[in-house]
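Structure, as structure tokens:
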Amino acid sequence: MAAPTMPQPSFLLANLKADSTTKPLLQRCQDLVKIIDEYPAKELHLIFPWLVESVFGSLDGVIMGWSLRLLHSRCSEYNIVLEFLNPSGPMMKLVYKLQAEEYKYEVPVNYLPGPVRACIQEGVLPDCPLFHNNLQFPPSGVLTPNIALNPFEFFVFNFAYCLITPKNFPQGHQGSCTDSAYFVLVDMYLKYFLPSEGSVPPSDSRGSVTAPSPRPSSVSFAGYGVHSPSLLKHHIFHQPSVNADPAAQEIWRSETLLQMFVEVWLHHYSLEMYQKLQSPQLALLQYRLSLSSMPSQPHAPPGSGTLHTYQEPFSPSEELVLVVRLLVKHLHAFSNSLKPEQASSSPSAHSHAHTSPLEEFKRVVVQRFVQQKLYLFLQHCFGHWPLDASFRAVLETWLSFIQPWRYTGEKSNPQPDQNRTIPDKWEPFVQENLLMYTRLFQGFLNRAVRMDLVNAKNALMVFRVAKVFSQPNLSEMIQRVEQLFLEPEHVLHHRQPRGYLTPSHGGSFLSSRQRVVTDMVFKVKSHVYALEGQDCQYTQMFGTELKAAVMKLIQIIAQARQTAKRISDQSSEMAASGSFLSWFGFGSLDPGSPFGGAEAEDSGECLRKTHEFLDRALENLCQIFKLNQNQLTQLMSSVSSSQDEAQSRQLPDCVQEAGGLVLTELGRQQMMNGLRRFDVQYQGDPELQPIRSYENALLVRLLYRLSALLNQRLSGSMSALCSRPDFLGRLGRHYLTDPDAAGRLRQSPMSLRALERRRQPRLSLRPLASYRTLLLLLAVYMLGALLSLGPLSTTALLLAGGFLFGVLMTLCGDKLKTH
């Protein structure tokens with residue numbers, strides 16, 4: 001047999017490490033396939049942690065691994081990686097082979113998600129059963145505990161953690177594309193372990209794959225609110241025989257995959273949100289632990305230790321949000337693939353003889369596993385994400401979650417998407433996710449009023465939200481659910497018939513209907529209180545307060561429309577006035593502006609799209625909140641009358657301080673919406689501005705050196721001359737200073753020190769380097785030659801003419817300014 005000739009495990013691992021630096025990826029994968037097929041699990045167990053680290057990278061980000069987030073379909077190694085890591089590929093075969101032997105692999109607690117890590121470090125049992133069931137308390141002398149994961153959990157944890165590990169990517173490479181190998185693998189795993197059609201394929205390995213050990217009876221499945229116990233616990237360990245139901249044996253992989261994705265990706269929330277997330281049982285346990293471990297310390301309220309020491313920085317990337325959106329879309333498709341007769345049955349009915357574990361998993365997957373943490377994740381993104389176009393990824397993730405009807409798998413849509421009425425069968429989903437619609441809509445309103453809506457990308461986001469909420473029957477469903485939440489408690493007790501009598505037990509059909517209404521009210525209230533707490537201050541989406549905020553947004557939209565129109569008109573005028581003479585400097589060139597040309601956001605096409613998006617957003621908002629045409633016309637007319645041309649030239653609201661002008665909150669609003677603006681000027685040395693296309697570069701540099709030398713040697717004489725109050729002082733200020741430029745710079749947000757520096761007298765010879773000036777001088781000298789004047793005579797006439805013009809302007813300057 002070949003077994004005795006095989007090298008020892010230490011040599012096998014050493015050979016693999018050596019090959020990782022010398023052999024190409026294709027040959028390494030082929031060698032690994034042979035090793036996985038031929039070697040027993042006892043020896044593969046020793047190379048598994050190294051192999052996982054070499055593929056996904058180290059948890060601290062030092063080892064890059066295979067850089068799955070940078071591999072795209074254009075790369076030669078793309079197909080090799082997908083073939084090796086796909087759900088039925090060699091790597092997963094190795095996982096199942098080790099899973100059958102019940103090996104465990106330790107992960108330091110330091111690499112767990114922030115909330116879980118904070119709990120463990122404070123001596124509190126973490127709220128997530130996936131981690132607290134595997135927690136390994138360290139021996140004496142070891143400070144950091146570990147968690148022991150089975151091979152499948154260890155593989156999925158490293159795969160999920162790869163997305164959030166900070167990597168030192170090469171310059172110019174960022175993993176944000178949706179065609180990367182990592183993004184495709186996430187899609188593969190979701191479709192394989194959470195199939196919309198059929199069942200989870202059985203694991204392909206030698207021997208049977210054993211599920212994780214059951215949880216102790218003293219530990220409750222409290223990680224996902226007040227729901228029923230874990231499907232894993234119920235369907236595997238409460239069965240008379242595991243082999244009697246193969247589907248029940250395989251469902252643990254689906255649950256483990258989803259739990260790991262949610263725990264690793266959706267743990268970005270603030271201290272206040274973390275406090276809401278903790279269950280009262282954990283807070284009480286922590287309080288008791290703190291009393292027993294620190295008897296000399298003053299008593300602290302429950303939950304004070306961890307909650308006040310944990311504060312995780314907010315750092316989700318756009319790539320992470322895109323992957324979360326993929327997860328949300330797939331979970332909707334997975335949940336909506338539930339058979340109608342099973343979807344209509346009550347989740348609390350334990351008729352498991354007719355319901356497969358996978359079908360029951362579909363019914364509860366969104367609410368039990370995703371809703372709470374996704375709500376906290378999105379709420380924190382709405383409050384902390386930068387006010388730029390990258391927020392579109394967060395926005396689309398939110399809109400995907402609140403539209404589960406888009407992922408039903410129905411091929412025939414006779415009506416267009418925006419005109420399709422949402423069926424009433426989706427009202428239970430709105431009841432279970434009311435805050436996802438109302439509270440996050442309020443969060444978006446707070447962002448929208450601070451965004452630059454003249455930008456087409458920002459205008460598109462406002463249009464997208466307005467379009468989604470204007471779908472027929474959606475606003476009516478939200479209003480009905482809000483009324484259920486606002487139902488007073490005493491009315492509920494009055495309505496509730498004693499014993500919930502049914503018509504067959506002496507009750508009436510009316511009492512049965514009242515029971516249904518009461519159940520719906522409890523469902524909505526439990527959802528809101530679970531996410532926001534019993535003391536939450538709920539703001540109605542269609543109440544007066546939010547309607548006033550919507551009217552403010554409509555006013556800002558109207559202002560942005562007019563600003564976009566004004567910019568478009570100005571761009572058209574500048575384009576019409578331009579000609580080839582601008583090459584010589586005769587066009588409208590601003591010497592205070594170092595860069596020419598309009599930005600991409602100011603192009604005519606972008607402004608046209610902005611106007612279109614804002615117009616349609618106005619229509620949809622009026623449809624959602626039932627605003628009549630008279631209200632809209634009155635609001636638009638008030639905006640038009642207040643925003644005239646004179647107002648557009650005024651400065652934003654600001655205060656003068658030692659460092660210059662400082663914007664107030666009103667000034668920021670005015671600038672973001674294009675109502676007012678600063679006349680931004682070049683604030684550095686005027687002689688050091690970038691060389692223009694209408695200037696000779698060699699002359700600019702030579703004349704700068706000459707003028708710098710003269711200014712350095714004659715600065716005292718020039719300052720003394722310009723400080724004189726008589727005619728010579730005024731004449732010197734005319735030639736050596738630019739009072740008009742100083743007046744323009746007052747309209748620019750620059751410091752007082754820089755403004756004083758610009759007022760210092762100085763000699764500037766740079767205008768002589770302009771092609772326009774050179775052409776004019778050439779024309780004058782040619783005219784002098786025609787009049788039989790030599791170069792010296794022509795130069796003397798030019799200097800005399802310039803001097804006389806300066807004298808005339810000095811004598812008549814004050815009168816002309818007054819006039």
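Every chain in the structure tokens takes a letter, A first, then B, and so on in the order presented; its residues are numbered from 1, and the ligands are numbered from 1 following the presented order.
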Original post:
If you count only C-alpha atoms, which residues fall within 9 Å of Leu331 in chain A, apart from same-chain ones fewer than 2 positions away, as a list in words?
Top reply: Leu190, Leu194, Leu326, Leu327, Val328, Lys329, Ala333, Phe334, Ser335, Asn336, Lys362, Val365 and Val366 of chain A
Subject >> Test item: residues at most 12 Å from Tyr375 in chain A, only C-alpha atoms, excluding those fewer than 3 positions along its chain, as a ChimeraX atom specification >> reply: /A:262,266-269,273,276-277,328,366-367,369-372,378-382,394,397-398,401-402,433-440,443,527-528,530-532
Original post:
Neighbours of range 543-557 of chain A within 7 Å (only C-alpha atoms; same-chain residues fewer than 4 positions away dropped), as a list in words?
Top reply: Val449, Leu453, Arg561, Leu614, Leu618, Leu635 and Val639 of chain A
Those selected residues, please, written with all heavy atoms and delivered as a PDB file, in the first residue's frame.
ATOM      1  N   VAL A 449     -31.962  66.674   3.013  1.00  0.00           N
ATOM      2  CA  VAL A 449     -31.972  68.135   3.144  1.00  0.00           C
ATOM      3  C   VAL A 449     -30.564  68.688   3.284  1.00  0.00           C
ATOM      4  O   VAL A 449     -30.364  69.905   3.192  1.00  0.00           O
ATOM      5  CB  VAL A 449     -32.835  68.575   4.344  1.00  0.00           C
ATOM      6  CG1 VAL A 449     -34.285  68.172   4.130  1.00  0.00           C
ATOM      7  CG2 VAL A 449     -32.307  67.987   5.653  1.00  0.00           C
ATOM      8  N   LEU A 453     -28.403  68.686  -4.037  1.00  0.00           N
ATOM      9  CA  LEU A 453     -29.338  68.071  -4.973  1.00  0.00           C
ATOM     10  C   LEU A 453     -29.138  68.554  -6.399  1.00  0.00           C
ATOM     11  O   LEU A 453     -29.820  68.065  -7.311  1.00  0.00           O
ATOM     12  CB  LEU A 453     -30.781  68.339  -4.526  1.00  0.00           C
ATOM     13  CG  LEU A 453     -31.156  67.759  -3.157  1.00  0.00           C
ATOM     14  CD1 LEU A 453     -32.631  67.962  -2.873  1.00  0.00           C
ATOM     15  CD2 LEU A 453     -30.794  66.281  -3.080  1.00  0.00           C
ATOM     16  N   ARG A 561     -33.693  72.794  -8.407  1.00  0.00           N
ATOM     17  CA  ARG A 561     -34.113  72.840  -9.812  1.00  0.00           C
ATOM     18  C   ARG A 561     -33.776  74.188 -10.424  1.00  0.00           C
ATOM     19  O   ARG A 561     -33.255  74.272 -11.547  1.00  0.00           O
ATOM     20  CB  ARG A 561     -35.619  72.576  -9.920  1.00  0.00           C
ATOM     21  CG  ARG A 561     -36.009  71.132  -9.651  1.00  0.00           C
ATOM     22  CD  ARG A 561     -37.512  70.965  -9.574  1.00  0.00           C
ATOM     23  NE  ARG A 561     -38.172  71.134 -10.855  1.00  0.00           N
ATOM     24  CZ  ARG A 561     -38.939  72.188 -11.182  1.00  0.00           C
ATOM     25  NH1 ARG A 561     -39.112  73.179 -10.317  1.00  0.00           N
ATOM     26  NH2 ARG A 561     -39.513  72.240 -12.348  1.00  0.00           N
ATOM     27  N   LEU A 614     -35.410  65.453 -10.321  1.00  0.00           N
ATOM     28  CA  LEU A 614     -36.085  66.258  -9.309  1.00  0.00           C
ATOM     29  C   LEU A 614     -37.550  66.481  -9.659  1.00  0.00           C
ATOM     30  O   LEU A 614     -38.405  66.502  -8.760  1.00  0.00           O
ATOM     31  CB  LEU A 614     -35.365  67.603  -9.158  1.00  0.00           C
ATOM     32  CG  LEU A 614     -33.930  67.524  -8.602  1.00  0.00           C
ATOM     33  CD1 LEU A 614     -33.322  68.907  -8.500  1.00  0.00           C
ATOM     34  CD2 LEU A 614     -33.910  66.833  -7.245  1.00  0.00           C
ATOM     35  N   LEU A 618     -40.564  65.206  -7.207  1.00  0.00           N
ATOM     36  CA  LEU A 618     -41.640  66.067  -6.728  1.00  0.00           C
ATOM     37  C   LEU A 618     -43.003  65.430  -6.963  1.00  0.00           C
ATOM     38  O   LEU A 618     -43.873  65.443  -6.087  1.00  0.00           O
ATOM     39  CB  LEU A 618     -41.558  67.429  -7.424  1.00  0.00           C
ATOM     40  CG  LEU A 618     -40.551  68.443  -6.875  1.00  0.00           C
ATOM     41  CD1 LEU A 618     -40.543  69.688  -7.742  1.00  0.00           C
ATOM     42  CD2 LEU A 618     -40.886  68.798  -5.437  1.00  0.00           C
ATOM     43  N   LEU A 635     -45.873  76.804  -2.940  1.00  0.00           N
ATOM     44  CA  LEU A 635     -44.512  76.606  -2.461  1.00  0.00           C
ATOM     45  C   LEU A 635     -43.490  76.958  -3.536  1.00  0.00           C
ATOM     46  O   LEU A 635     -42.489  77.624  -3.270  1.00  0.00           O
ATOM     47  CB  LEU A 635     -44.338  75.153  -2.024  1.00  0.00           C
ATOM     48  CG  LEU A 635     -43.004  74.786  -1.379  1.00  0.00           C
ATOM     49  CD1 LEU A 635     -42.788  75.577  -0.096  1.00  0.00           C
ATOM     50  CD2 LEU A 635     -42.950  73.296  -1.101  1.00  0.00           C
ATOM     51  N   VAL A 639     -40.586  80.031  -3.579  1.00  0.00           N
ATOM     52  CA  VAL A 639     -39.169  79.788  -3.841  1.00  0.00           C
ATOM     53  C   VAL A 639     -38.683  80.663  -4.981  1.00  0.00           C
ATOM     54  O   VAL A 639     -37.605  81.256  -4.928  1.00  0.00           O
ATOM     55  CB  VAL A 639     -38.938  78.293  -4.156  1.00  0.00           C
ATOM     56  CG1 VAL A 639     -37.514  78.066  -4.634  1.00  0.00           C
ATOM     57  CG2 VAL A 639     -39.226  77.457  -2.939  1.00  0.00           C
TER      58      VAL A 639
END
Original post:
For Gly61 in chain A, which residue among A:Cys162, A:Val481, A:Ile120, A:Met541 is the nearest when counting only C-alpha atoms?
Top reply: A:Cys162
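Nearest residue to Leu768 in chain A among A:Arg713, A:Glu263, A:Thr21, A:Ala697 is A:Ala697, counting only C-alpha atoms.
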**OP:** Have a look at CA of Tyr111 in chain A and CA of Leu59 in chain A and let me know their distance in Å, one decimal.
**Re:**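 Separation of CA of Tyr111 in chain A and CA of Leu59 in chain A: 6.9 Å.
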Subject >> Distance criterion (only C-alpha atoms): nearest to Glu106 in chain A out of A:Leu811, A:Leu661, A:Leu460, A:Leu149 >> reply: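 Checking each of A:Leu811, A:Leu661, A:Leu460, A:Leu149 against Glu106 in chain A, counting only C-alpha atoms, the winner is A:Leu149.
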